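Each remark here refers to the structure printed beneath this line.
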Amino acid sequence: MVMQIKLNAAACQDIVAVHEEIKNKIEERIISFQKLWEKGSEQEIFEELIFCLLTPQTKARQGEKAIAILKNKNLILQGSEKEISKHLNIVRFRHKKAHYIVNAQKKFLHNGKPIIKKTLKLHSTPHAMREFLVKEVKGFGWKEASHFLRNIGIGKNLAILDRHILKNLVIAGCINRIPPSFTKKRYLAIEKQMHEFAHAVKIPFAHLDFVLWYMETGDIFK
């Protein structure tokens with residue numbers, strides 16, 4: 001079991017207070033994500049997928065800088081692993097991530113143009129989309145797939161179980177430990193508990209990961 005019987009009242013009060021402070025900024029960010037799905041191009045959606053391949057064990061701001069570099073060098077939609085890797089020296093595990101990017105290009109480009117948005121629309125729900133991404137995208141686990149879908153405006157009920165989020169869930173008493181690894185069953189169980197926790201502290205689930213992230217980093221980004 002990962003659920004504690006009693007929540008940490010003081011920690012929960014801190015989370016609620018932080019949410020009250022930043023909830024308007026969170027809502028602005030969520031609206032911007034929704035606009036990306038509604039009005040964004042295939043390339044913009046594909047770039048977000050690449051961003052989410054770059055961010056594991058790398059700061060999100062560094063991932064964003066790396067995306068800008070790849071765009072400037074015209075490597076988002078083309079280029080060998082060696083070429084891409086050369087320009088990823090600001091992220092960790094750049095060679096492995098360059099490999100993941102080339103695999104994503106092979107999977108989601110048709111005649112040199114991205115079709116990720118079109119492909120996702122073949123799946124009826126965000127949960128089904130996540131299952132597909134975890135299965136088909138090299139470099140995506142449950143966290144990365146959830147992160148990507150949230151960032152393109154269609155994953156507001158999916159948990160992004162990053163180490164910062166998990167640390168604060170432990171402090172709040174939502175879970176009693178950070179798992180050493182994630183199976184599908186374990187990930188979905190903690191996601192369910194996070195939904196219950198959000199209900200208990202009366203914070204919209206789509207806001208909660210932003211709050212817990214902000215408490216660690218002082219940033220509201222993506």
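Chain labels follow the order of the structure tokens: the first chain is A, the next B, and so on; residue numbering restarts at 1 in every chain, and ligands are counted from 1 in their shown order.
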Taking the DSSP assignment computed from this structure's backbone, write out as a list in words all residues of stretch 8-219 of chain A that belong to strand (DSSP E).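 Answer for stretch 8-219 of chain A restricted to strand (DSSP E) is Leu109, His110, Lys113 and Pro114 of chain A.
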Any idea what's packed within 7 Å of stretch 153-165 of chain A, counting only C-alpha atoms, ignoring anything in its chain fewer than 5 positions away? Could you give it as a PyMOL selection string? chain A and resi 30+33-34+36-37+126+143+146-147+191+205-206+209+212-213+216
Take the residues from that selection and write them out as a short mmCIF file (atom, residue, chain, number, x, y, z; two decimals), in the first residue's frame, keeping all heavy atoms.
data_model
loop_
_atom_site.label_atom_id
_atom_site.label_comp_id
_atom_site.auth_asym_id
_atom_site.auth_seq_id
_atom_site.Cartn_x
_atom_site.Cartn_y
_atom_site.Cartn_z
N ILE A 30 -3.10 26.63 -18.31
CA ILE A 30 -3.97 25.57 -18.80
C ILE A 30 -4.71 26.02 -20.07
O ILE A 30 -4.83 25.25 -21.03
CB ILE A 30 -4.97 25.15 -17.71
CG1 ILE A 30 -4.23 24.40 -16.58
CG2 ILE A 30 -6.08 24.26 -18.29
CD1 ILE A 30 -5.08 24.11 -15.37
N PHE A 33 -2.45 25.77 -23.00
CA PHE A 33 -2.32 24.39 -23.45
C PHE A 33 -3.52 23.98 -24.31
O PHE A 33 -3.37 23.32 -25.34
CB PHE A 33 -2.21 23.44 -22.26
CG PHE A 33 -0.94 23.56 -21.46
CD1 PHE A 33 -0.91 23.15 -20.14
CD2 PHE A 33 0.22 24.07 -22.01
CE1 PHE A 33 0.25 23.24 -19.39
CE2 PHE A 33 1.39 24.17 -21.27
CZ PHE A 33 1.41 23.75 -19.95
N GLN A 34 -4.70 24.34 -23.86
CA GLN A 34 -5.92 23.99 -24.61
C GLN A 34 -5.92 24.63 -25.99
O GLN A 34 -6.33 24.00 -26.97
CB GLN A 34 -7.15 24.43 -23.81
CG GLN A 34 -7.36 23.62 -22.54
CD GLN A 34 -8.43 24.20 -21.63
OE1 GLN A 34 -8.78 25.38 -21.72
NE2 GLN A 34 -8.96 23.38 -20.74
N LEU A 36 -3.32 25.22 -27.75
CA LEU A 36 -2.37 24.49 -28.58
C LEU A 36 -3.05 23.31 -29.26
O LEU A 36 -2.84 23.07 -30.46
CB LEU A 36 -1.19 24.01 -27.72
CG LEU A 36 -0.11 23.21 -28.44
CD1 LEU A 36 0.51 24.02 -29.57
CD2 LEU A 36 0.97 22.75 -27.46
N TRP A 37 -3.88 22.57 -28.53
CA TRP A 37 -4.59 21.44 -29.13
C TRP A 37 -5.65 21.91 -30.12
O TRP A 37 -5.81 21.34 -31.20
CB TRP A 37 -5.23 20.58 -28.06
CG TRP A 37 -5.99 19.41 -28.61
CD1 TRP A 37 -7.34 19.24 -28.61
CD2 TRP A 37 -5.44 18.26 -29.24
NE1 TRP A 37 -7.68 18.04 -29.20
CE2 TRP A 37 -6.52 17.41 -29.60
CE3 TRP A 37 -4.15 17.84 -29.55
CZ2 TRP A 37 -6.34 16.19 -30.24
CZ3 TRP A 37 -3.97 16.61 -30.18
CH2 TRP A 37 -5.06 15.81 -30.53
N PRO A 126 -8.15 10.59 -23.65
CA PRO A 126 -6.77 10.83 -23.23
C PRO A 126 -6.11 9.58 -22.63
O PRO A 126 -4.91 9.36 -22.82
CB PRO A 126 -6.91 11.95 -22.19
CG PRO A 126 -8.13 12.69 -22.61
CD PRO A 126 -9.07 11.63 -23.12
N LYS A 143 4.84 8.73 -17.04
CA LYS A 143 5.01 10.14 -16.68
C LYS A 143 5.17 11.00 -17.92
O LYS A 143 4.51 12.05 -18.05
CB LYS A 143 6.24 10.31 -15.78
CG LYS A 143 6.49 11.75 -15.36
CD LYS A 143 7.86 11.94 -14.73
CE LYS A 143 8.95 11.91 -15.78
NZ LYS A 143 10.29 12.23 -15.24
N SER A 146 1.97 11.30 -19.95
CA SER A 146 1.02 12.17 -19.25
C SER A 146 1.43 13.63 -19.39
O SER A 146 0.58 14.52 -19.60
CB SER A 146 0.95 11.78 -17.77
OG SER A 146 0.54 10.45 -17.61
N HIS A 147 2.72 13.90 -19.26
CA HIS A 147 3.26 15.26 -19.38
C HIS A 147 2.95 15.83 -20.76
O HIS A 147 2.46 16.96 -20.89
CB HIS A 147 4.77 15.19 -19.14
CG HIS A 147 5.43 16.52 -19.05
ND1 HIS A 147 6.81 16.67 -19.14
CD2 HIS A 147 4.95 17.78 -18.89
CE1 HIS A 147 7.12 17.94 -19.03
NE2 HIS A 147 6.02 18.64 -18.88
N GLU A 191 -2.02 7.63 -9.21
CA GLU A 191 -2.84 8.63 -9.90
C GLU A 191 -4.22 8.71 -9.26
O GLU A 191 -4.74 9.81 -9.03
CB GLU A 191 -2.94 8.27 -11.37
CG GLU A 191 -3.73 9.27 -12.21
CD GLU A 191 -3.69 8.92 -13.69
OE1 GLU A 191 -4.43 7.99 -14.10
OE2 GLU A 191 -2.91 9.55 -14.42
N PHE A 205 -7.91 18.97 -9.87
CA PHE A 205 -6.81 18.04 -10.15
C PHE A 205 -5.84 18.62 -11.16
O PHE A 205 -4.62 18.45 -11.04
CB PHE A 205 -7.38 16.71 -10.67
CG PHE A 205 -6.31 15.67 -10.88
CD1 PHE A 205 -5.79 14.96 -9.81
CD2 PHE A 205 -5.80 15.42 -12.15
CE1 PHE A 205 -4.80 14.02 -9.99
CE2 PHE A 205 -4.81 14.48 -12.34
CZ PHE A 205 -4.30 13.77 -11.26
N ALA A 206 -6.35 19.32 -12.17
CA ALA A 206 -5.48 19.88 -13.20
C ALA A 206 -4.54 20.94 -12.65
O ALA A 206 -3.51 21.25 -13.26
CB ALA A 206 -6.33 20.49 -14.32
N ASP A 209 -0.66 19.39 -9.82
CA ASP A 209 0.75 19.16 -10.14
C ASP A 209 1.51 20.48 -10.28
O ASP A 209 2.68 20.58 -9.92
CB ASP A 209 0.91 18.29 -11.38
CG ASP A 209 0.61 19.01 -12.67
OD1 ASP A 209 -0.53 19.48 -12.80
OD2 ASP A 209 1.49 19.13 -13.54
N LEU A 212 2.35 21.61 -6.67
CA LEU A 212 3.42 20.82 -6.06
C LEU A 212 4.76 21.09 -6.74
O LEU A 212 5.81 21.12 -6.09
CB LEU A 212 3.07 19.33 -6.12
CG LEU A 212 1.76 18.94 -5.42
CD1 LEU A 212 1.54 17.44 -5.51
CD2 LEU A 212 1.76 19.39 -3.96
N TRP A 213 4.73 21.29 -8.05
CA TRP A 213 5.94 21.65 -8.80
C TRP A 213 6.45 23.01 -8.36
O TRP A 213 7.65 23.21 -8.12
CB TRP A 213 5.63 21.63 -10.29
CG TRP A 213 6.79 22.04 -11.17
CD1 TRP A 213 7.08 23.29 -11.61
CD2 TRP A 213 7.81 21.18 -11.69
NE1 TRP A 213 8.21 23.27 -12.39
CE2 TRP A 213 8.68 22.00 -12.45
CE3 TRP A 213 8.06 19.81 -11.60
CZ2 TRP A 213 9.79 21.48 -13.11
CZ3 TRP A 213 9.17 19.30 -12.26
CH2 TRP A 213 10.01 20.13 -13.00
N GLU A 216 8.44 23.26 -5.20
CA GLU A 216 9.83 22.80 -5.29
C GLU A 216 10.71 23.73 -6.10
O GLU A 216 11.89 23.90 -5.81
CB GLU A 216 9.86 21.39 -5.92
CG GLU A 216 9.39 20.30 -5.01
CD GLU A 216 10.29 20.14 -3.79
OE1 GLU A 216 11.50 19.92 -3.95
OE2 GLU A 216 9.77 20.27 -2.67
#
Write out as a list of chain:residue names which residues come within 10 Å of stretch 65-75 of chain A when counting only C-alpha atoms, dropping same-chain ones fewer than 5 positions away. A:Glu47, A:Glu48, A:Ile50, A:Phe51, A:Leu54, A:Thr55, A:Ala60, A:Ser80, A:Glu81, A:Glu83, A:Ile84, A:Ser85, A:His87, A:Leu88, A:Asn89, A:Ile90, A:Val91, A:Ile101, A:Val102
Between A:Leu77, A:Thr58, A:Phe132, A:Asn168, single out the one closest to A:His110, counting only C-alpha atoms.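 Looking at the shortest contact to A:His110, the residue is A:Leu77.
Distances to A:Gly141 were evaluated for A:His195, A:Lys184, A:Lys96, A:Lys121 using only C-alpha atoms, and the minimum falls at A:Lys184.
Take the candidates A:Ile45, A:Leu188, A:Ala198, A:Ile178 and check each one against A:Lys117 using only C-alpha atoms; the shortest distance goes to A:Ile45.
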Return as a PyMOL selection string the full set of residues in stretch 18-157 of chain A whose backbone-based DSSP assignment is alpha helix (DSSP H). chain A and resi 18-39+42-54+60-72+81-86+94-108+116-120+126-136+142-151
